[in-house]
Amino acid sequence: MKLLVATRNRGKTAEMEHLLDGTGWRVVDMSAIGQDIEIVEDGKTFEENARKKAEAAAKVWKMWTLADDSGLEIDALGGEPGIHSARLCGPNATDNDRTRMILDKIIAVPDEHRTARFCCVMCLIDPAGHKRIFEGVCHGRIAHHARGTTGFGYDPVFVPKGYSRTFAELGLEVKNRFSHRAKAMQQVVEYLKTRVRKPDKHR
């Protein structure tokens with residue numbers, strides 16, 4: 001059975017494929033489904049954006065659809081970049097550009113005040129249009145320098161609580177045990193297991 005993930009971010013798709021491995025669900029995203037739509041993420045909260053993306057994609061493809069909106073909230077920046085995490089520095093900016101900007105903004109902030117959290121809100125819509133919301137948060141701090149080569153986004157500068165290495169150093173397997181997206185996705189998987197007949201892997 002297919003689950004449409006309303007994103008073109010291959011990093012997100014790869015994480016969700018990993019988290020759904022063995023459940024019988026096959027993940028497809030908007031870059032692979034053969035038709036494209038533009039979704040303006042102008043909501044004021046992660047939930048508003050997740051709902052908007054899921055509703056827009058489900059309206060077109062009328063299948064099980066999952067959308068997430070996630071971002072990094074840094075206490076020393078008053079919660080920024082927050083919902084603007086992916087769009088920081090403009091539409092053509094790279095992950096390195098965005099990471100460099102936040103490091104520059106808090107360059108003089110000491111370790112004890114570099115606290116931050118990754119937040120994720122997911123909206124799941126079934127073919128009948130019913131919606132459910134799932135949330136996950138991962139607390140940590142911002143490193144002084146980018147470290148590591150795996151993951152995407154702000155992973156090279158985010159050190160999860162209880163660890164000394166960044167998400168980009170820990171790797172996808174470790175990250176997917178407790179990241180913000182993993183926590184939300186674990187709830188999605190449990191919901192699908194209890195509410196939907198387990199798909200036939202050979203179908």
# chains A, B, ... in the order shown; residues from 1 in each chain; ligands from 1
>>> residues_around(residues="A:Ala146", least_positions_apart="3", cutoff="10 Å", atoms="only C-alpha atoms", output="PyMOL selection string")
chain A and resi 96+99-100+103+142-143+149+154-158+166+168-169
>>> write_last_selection(atoms="N, CA and C atoms", output="compact mmCIF listing (two decimals), in the first residue's frame")
# COMPACT_ATOMS: atom_id res chain seq x y z
N ASN A 96 23.97 24.77 4.08
CA ASN A 96 25.16 25.42 4.64
C ASN A 96 24.93 26.91 4.88
N THR A 99 22.72 27.18 8.03
CA THR A 99 23.49 26.81 9.22
C THR A 99 24.48 27.90 9.61
N ARG A 100 25.16 28.43 8.60
CA ARG A 100 26.13 29.49 8.85
C ARG A 100 25.47 30.72 9.47
N LEU A 103 24.69 30.12 13.20
CA LEU A 103 25.93 30.07 13.98
C LEU A 103 26.49 31.47 14.17
N ILE A 142 22.84 23.91 20.43
CA ILE A 142 23.52 24.23 19.18
C ILE A 142 25.03 24.19 19.39
N ALA A 143 25.71 23.44 18.55
CA ALA A 143 27.17 23.35 18.62
C ALA A 143 27.78 24.68 18.16
N THR A 149 28.63 14.55 8.54
CA THR A 149 28.33 14.56 7.10
C THR A 149 27.02 13.90 6.73
N TYR A 154 19.73 21.32 9.58
CA TYR A 154 20.55 21.79 10.68
C TYR A 154 21.20 20.65 11.47
N ASP A 155 21.15 19.44 10.95
CA ASP A 155 21.72 18.28 11.65
C ASP A 155 23.18 18.48 12.06
N PRO A 156 24.03 19.14 11.25
CA PRO A 156 25.44 19.28 11.65
C PRO A 156 25.69 20.19 12.84
N VAL A 157 24.69 20.96 13.27
CA VAL A 157 24.92 21.86 14.41
C VAL A 157 24.03 21.52 15.60
N PHE A 158 23.17 20.51 15.49
CA PHE A 158 22.26 20.19 16.60
C PHE A 158 22.78 18.99 17.37
N THR A 166 26.72 15.66 17.12
CA THR A 166 25.57 16.21 16.41
C THR A 166 24.79 15.10 15.72
N ALA A 168 24.31 14.92 12.65
CA ALA A 168 25.06 14.58 11.45
C ALA A 168 26.22 13.64 11.74
N GLU A 169 26.71 13.63 12.98
CA GLU A 169 27.76 12.70 13.38
C GLU A 169 27.18 11.37 13.85
>>> residues_around(residues="stretch 57-59 of chain A", least_positions_apart="5", cutoff="8 Å", atoms="only C-alpha atoms", output="ChimeraX atom specification")
/A:6,37,64-65,125,127,129
>>> write_last_selection(atoms="N, CA and C atoms", output="short mmCIF file (atom, residue, chain, number, x, y, z; two decimals), in the first residue's frame")
data_model
loop_
_atom_site.label_atom_id
_atom_site.label_comp_id
_atom_site.auth_asym_id
_atom_site.auth_seq_id
_atom_site.Cartn_x
_atom_site.Cartn_y
_atom_site.Cartn_z
N ALA A 6 3.92 14.32 1.43
CA ALA A 6 3.80 15.58 0.70
C ALA A 6 5.04 16.44 0.89
N ILE A 37 2.59 20.00 -7.65
CA ILE A 37 1.72 21.10 -7.23
C ILE A 37 2.55 22.04 -6.38
N TRP A 64 -3.83 7.82 0.84
CA TRP A 64 -3.26 8.07 2.15
C TRP A 64 -2.12 9.08 2.00
N THR A 65 -2.21 10.17 2.74
CA THR A 65 -1.25 11.27 2.58
C THR A 65 -0.73 11.71 3.94
N ILE A 125 -3.84 12.10 6.47
CA ILE A 125 -5.20 12.12 5.91
C ILE A 125 -5.46 10.81 5.19
N PRO A 127 -7.98 8.27 2.68
CA PRO A 127 -8.68 8.54 1.42
C PRO A 127 -10.08 9.14 1.58
N GLY A 129 -10.71 11.49 3.74
CA GLY A 129 -10.55 12.88 4.16
C GLY A 129 -10.42 13.09 5.66
#
>>> atom_distance(atom1="atom CA of A:Gly162", atom2="atom CA of A:Met16")
23.9 Å
>>> residues_around(residues="A:Leu172", least_positions_apart="4", cutoff="9 Å", atoms="only C-alpha atoms", output="PyMOL selection string")
chain A and resi 15+18+150-151+167-168+176-177
>>> residues_around(residues="A:Val28", least_positions_apart="3", cutoff="12 Å", atoms="only C-alpha atoms", output="list of chain:residue names")
A:Met1, A:Lys2, A:Leu3, A:Leu4, A:Val5, A:Ala6, A:Thr7, A:Arg8, A:Asn9, A:Arg10, A:Lys12, A:Thr13, A:Ala14, A:Met16, A:Glu17, A:Leu20, A:Trp25, A:Ser31, A:Ala32, A:Ile33, A:Gly34, A:Trp61, A:Met63, A:Trp64, A:Thr65, A:Leu66, A:Ala67
>>> write_last_selection(atoms="C-alpha atoms", output="PDB file, in the first residue's frame")
ATOM      1  CA  MET A   1       0.000   0.000   0.000  1.00  0.00           C
ATOM      2  CA  LYS A   2       1.260   3.474  -0.863  1.00  0.00           C
ATOM      3  CA  LEU A   3       1.648   6.392   1.501  1.00  0.00           C
ATOM      4  CA  LEU A   4       2.165   9.748  -0.189  1.00  0.00           C
ATOM      5  CA  VAL A   5       4.550  11.998   1.703  1.00  0.00           C
ATOM      6  CA  ALA A   6       3.798  15.582   0.704  1.00  0.00           C
ATOM      7  CA  THR A   7       7.383  16.763   0.276  1.00  0.00           C
ATOM      8  CA  ARG A   8      10.103  17.123  -2.334  1.00  0.00           C
ATOM      9  CA  ASN A   9      12.811  16.923   0.328  1.00  0.00           C
ATOM     10  CA  ARG A  10      14.621  13.645  -0.313  1.00  0.00           C
ATOM     11  CA  LYS A  12      12.721  13.725   4.760  1.00  0.00           C
ATOM     12  CA  THR A  13      11.553  10.989   2.394  1.00  0.00           C
ATOM     13  CA  ALA A  14      14.565   8.832   3.228  1.00  0.00           C
ATOM     14  CA  MET A  16      10.269   8.220   6.561  1.00  0.00           C
ATOM     15  CA  GLU A  17      11.166   5.240   4.362  1.00  0.00           C
ATOM     16  CA  LEU A  20       8.216   2.686   7.825  1.00  0.00           C
ATOM     17  CA  TRP A  25       3.724   0.663   3.419  1.00  0.00           C
ATOM     18  CA  SER A  31       9.039  14.387  -6.726  1.00  0.00           C
ATOM     19  CA  ALA A  32       8.354  10.802  -7.803  1.00  0.00           C
ATOM     20  CA  ILE A  33       4.597  10.642  -8.276  1.00  0.00           C
ATOM     21  CA  GLY A  34       4.474  12.201 -11.731  1.00  0.00           C
ATOM     22  CA  TRP A  61      -4.123  12.342  -5.384  1.00  0.00           C
ATOM     23  CA  MET A  63      -4.758   8.537  -1.295  1.00  0.00           C
ATOM     24  CA  TRP A  64      -3.256   8.067   2.155  1.00  0.00           C
ATOM     25  CA  THR A  65      -1.253  11.268   2.577  1.00  0.00           C
ATOM     26  CA  LEU A  66       1.216  12.378   5.222  1.00  0.00           C
ATOM     27  CA  ALA A  67       2.713  15.832   5.540  1.00  0.00           C
TER      28      ALA A  67
END
>>> atom_distance(atom1="atom CA of A:Leu170", atom2="atom CA of A:Leu77")
25.3 Å
>>> atom_distance(atom1="atom CA of A:Ile133", atom2="atom CA of A:Glu47")
7.8 Å
>>> select_by_dssp(residues="stretch 60-139 of chain A", states="strand (DSSP E or B)", output="PyMOL selection string")
chain A and resi 65-74+81+115-125+131-139
>>> write_last_selection(atoms="N, CA and C atoms", output="PDB file, in the first residue's frame")
ATOM      1  N   THR A  65      -2.205  10.171   2.738  1.00  0.00           N
ATOM      2  CA  THR A  65      -1.253  11.268   2.577  1.00  0.00           C
ATOM      3  C   THR A  65      -0.727  11.714   3.937  1.00  0.00           C
ATOM      4  N   LEU A  66       0.577  11.921   3.994  1.00  0.00           N
ATOM      5  CA  LEU A  66       1.216  12.378   5.222  1.00  0.00           C
ATOM      6  C   LEU A  66       2.073  13.600   4.915  1.00  0.00           C
ATOM      7  N   ALA A  67       1.893  14.633   5.693  1.00  0.00           N
ATOM      8  CA  ALA A  67       2.713  15.832   5.540  1.00  0.00           C
ATOM      9  C   ALA A  67       3.246  16.246   6.900  1.00  0.00           C
ATOM     10  N   ASP A  68       4.444  16.785   6.898  1.00  0.00           N
ATOM     11  CA  ASP A  68       4.979  17.278   8.159  1.00  0.00           C
ATOM     12  C   ASP A  68       5.501  18.697   7.959  1.00  0.00           C
ATOM     13  N   ASP A  69       5.493  19.434   9.032  1.00  0.00           N
ATOM     14  CA  ASP A  69       6.209  20.701   9.048  1.00  0.00           C
ATOM     15  C   ASP A  69       7.073  20.659  10.290  1.00  0.00           C
ATOM     16  N   SER A  70       8.315  20.982  10.121  1.00  0.00           N
ATOM     17  CA  SER A  70       9.242  20.871  11.233  1.00  0.00           C
ATOM     18  C   SER A  70      10.250  21.998  11.174  1.00  0.00           C
ATOM     19  N   GLY A  71      10.923  22.203  12.282  1.00  0.00           N
ATOM     20  CA  GLY A  71      11.898  23.274  12.308  1.00  0.00           C
ATOM     21  C   GLY A  71      12.671  23.301  13.609  1.00  0.00           C
ATOM     22  N   LEU A  72      13.628  24.184  13.628  1.00  0.00           N
ATOM     23  CA  LEU A  72      14.524  24.332  14.766  1.00  0.00           C
ATOM     24  C   LEU A  72      14.172  25.606  15.531  1.00  0.00           C
ATOM     25  N   GLU A  73      13.977  25.474  16.827  1.00  0.00           N
ATOM     26  CA  GLU A  73      13.705  26.623  17.687  1.00  0.00           C
ATOM     27  C   GLU A  73      14.891  26.825  18.633  1.00  0.00           C
ATOM     28  N   ILE A  74      15.508  27.986  18.548  1.00  0.00           N
ATOM     29  CA  ILE A  74      16.695  28.292  19.350  1.00  0.00           C
ATOM     30  C   ILE A  74      16.324  29.325  20.410  1.00  0.00           C
ATOM     31  N   PRO A  81      14.888  29.853  14.126  1.00  0.00           N
ATOM     32  CA  PRO A  81      14.077  30.225  12.963  1.00  0.00           C
ATOM     33  C   PRO A  81      12.670  29.624  12.929  1.00  0.00           C
ATOM     34  N   THR A 115      20.624  26.386  24.193  1.00  0.00           N
ATOM     35  CA  THR A 115      19.576  25.372  24.168  1.00  0.00           C
ATOM     36  C   THR A 115      18.644  25.574  22.972  1.00  0.00           C
ATOM     37  N   ALA A 116      18.139  24.453  22.469  1.00  0.00           N
ATOM     38  CA  ALA A 116      17.284  24.489  21.287  1.00  0.00           C
ATOM     39  C   ALA A 116      16.457  23.215  21.236  1.00  0.00           C
ATOM     40  N   ARG A 117      15.513  23.195  20.317  1.00  0.00           N
ATOM     41  CA  ARG A 117      14.714  21.994  20.130  1.00  0.00           C
ATOM     42  C   ARG A 117      14.293  21.893  18.675  1.00  0.00           C
ATOM     43  N   PHE A 118      14.240  20.658  18.189  1.00  0.00           N
ATOM     44  CA  PHE A 118      13.649  20.372  16.894  1.00  0.00           C
ATOM     45  C   PHE A 118      12.184  20.009  17.141  1.00  0.00           C
ATOM     46  N   CYS A 119      11.268  20.620  16.399  1.00  0.00           N
ATOM     47  CA  CYS A 119       9.836  20.336  16.532  1.00  0.00           C
ATOM     48  C   CYS A 119       9.295  19.788  15.221  1.00  0.00           C
ATOM     49  N   CYS A 120       8.363  18.866  15.331  1.00  0.00           N
ATOM     50  CA  CYS A 120       7.744  18.287  14.141  1.00  0.00           C
ATOM     51  C   CYS A 120       6.262  18.062  14.397  1.00  0.00           C
ATOM     52  N   VAL A 121       5.434  18.492  13.456  1.00  0.00           N
ATOM     53  CA  VAL A 121       3.999  18.203  13.493  1.00  0.00           C
ATOM     54  C   VAL A 121       3.632  17.510  12.186  1.00  0.00           C
ATOM     55  N   MET A 122       2.944  16.382  12.281  1.00  0.00           N
ATOM     56  CA  MET A 122       2.537  15.628  11.105  1.00  0.00           C
ATOM     57  C   MET A 122       1.024  15.583  10.994  1.00  0.00           C
ATOM     58  N   CYS A 123       0.544  15.675   9.772  1.00  0.00           N
ATOM     59  CA  CYS A 123      -0.886  15.548   9.497  1.00  0.00           C
ATOM     60  C   CYS A 123      -1.077  14.367   8.565  1.00  0.00           C
ATOM     61  N   LEU A 124      -1.863  13.404   9.005  1.00  0.00           N
ATOM     62  CA  LEU A 124      -2.171  12.210   8.219  1.00  0.00           C
ATOM     63  C   LEU A 124      -3.623  12.283   7.764  1.00  0.00           C
ATOM     64  N   ILE A 125      -3.843  12.100   6.470  1.00  0.00           N
ATOM     65  CA  ILE A 125      -5.196  12.123   5.911  1.00  0.00           C
ATOM     66  C   ILE A 125      -5.462  10.812   5.191  1.00  0.00           C
ATOM     67  N   LYS A 131      -8.618  13.412   9.197  1.00  0.00           N
ATOM     68  CA  LYS A 131      -7.284  13.901   9.545  1.00  0.00           C
ATOM     69  C   LYS A 131      -6.924  13.559  10.984  1.00  0.00           C
ATOM     70  N   ARG A 132      -5.641  13.336  11.196  1.00  0.00           N
ATOM     71  CA  ARG A 132      -5.100  13.187  12.543  1.00  0.00           C
ATOM     72  C   ARG A 132      -3.772  13.914  12.618  1.00  0.00           C
ATOM     73  N   ILE A 133      -3.489  14.491  13.788  1.00  0.00           N
ATOM     74  CA  ILE A 133      -2.282  15.260  14.010  1.00  0.00           C
ATOM     75  C   ILE A 133      -1.375  14.527  15.004  1.00  0.00           C
ATOM     76  N   PHE A 134      -0.082  14.501  14.705  1.00  0.00           N
ATOM     77  CA  PHE A 134       0.912  13.860  15.567  1.00  0.00           C
ATOM     78  C   PHE A 134       2.075  14.838  15.770  1.00  0.00           C
ATOM     79  N   GLU A 135       2.642  14.837  16.967  1.00  0.00           N
ATOM     80  CA  GLU A 135       3.708  15.796  17.271  1.00  0.00           C
ATOM     81  C   GLU A 135       4.908  15.109  17.909  1.00  0.00           C
ATOM     82  N   GLY A 136       6.089  15.667  17.643  1.00  0.00           N
ATOM     83  CA  GLY A 136       7.313  15.165  18.254  1.00  0.00           C
ATOM     84  C   GLY A 136       8.280  16.308  18.511  1.00  0.00           C
ATOM     85  N   VAL A 137       9.007  16.233  19.620  1.00  0.00           N
ATOM     86  CA  VAL A 137       9.987  17.262  19.977  1.00  0.00           C
ATOM     87  C   VAL A 137      11.275  16.575  20.431  1.00  0.00           C
ATOM     88  N   CYS A 138      12.406  17.116  20.012  1.00  0.00           N
ATOM     89  CA  CYS A 138      13.708  16.613  20.453  1.00  0.00           C
ATOM     90  C   CYS A 138      14.516  17.793  20.992  1.00  0.00           C
ATOM     91  N   HIS A 139      14.873  17.732  22.262  1.00  0.00           N
ATOM     92  CA  HIS A 139      15.614  18.822  22.900  1.00  0.00           C
ATOM     93  C   HIS A 139      17.118  18.626  22.749  1.00  0.00           C
TER      94      HIS A 139
END
>>> select_by_dssp(residues="stretch 19-203 of chain A", states="alpha helix (DSSP H)", output="ChimeraX atom specification")
/A:19,46-61,95-105,167-170,172-178,180-195
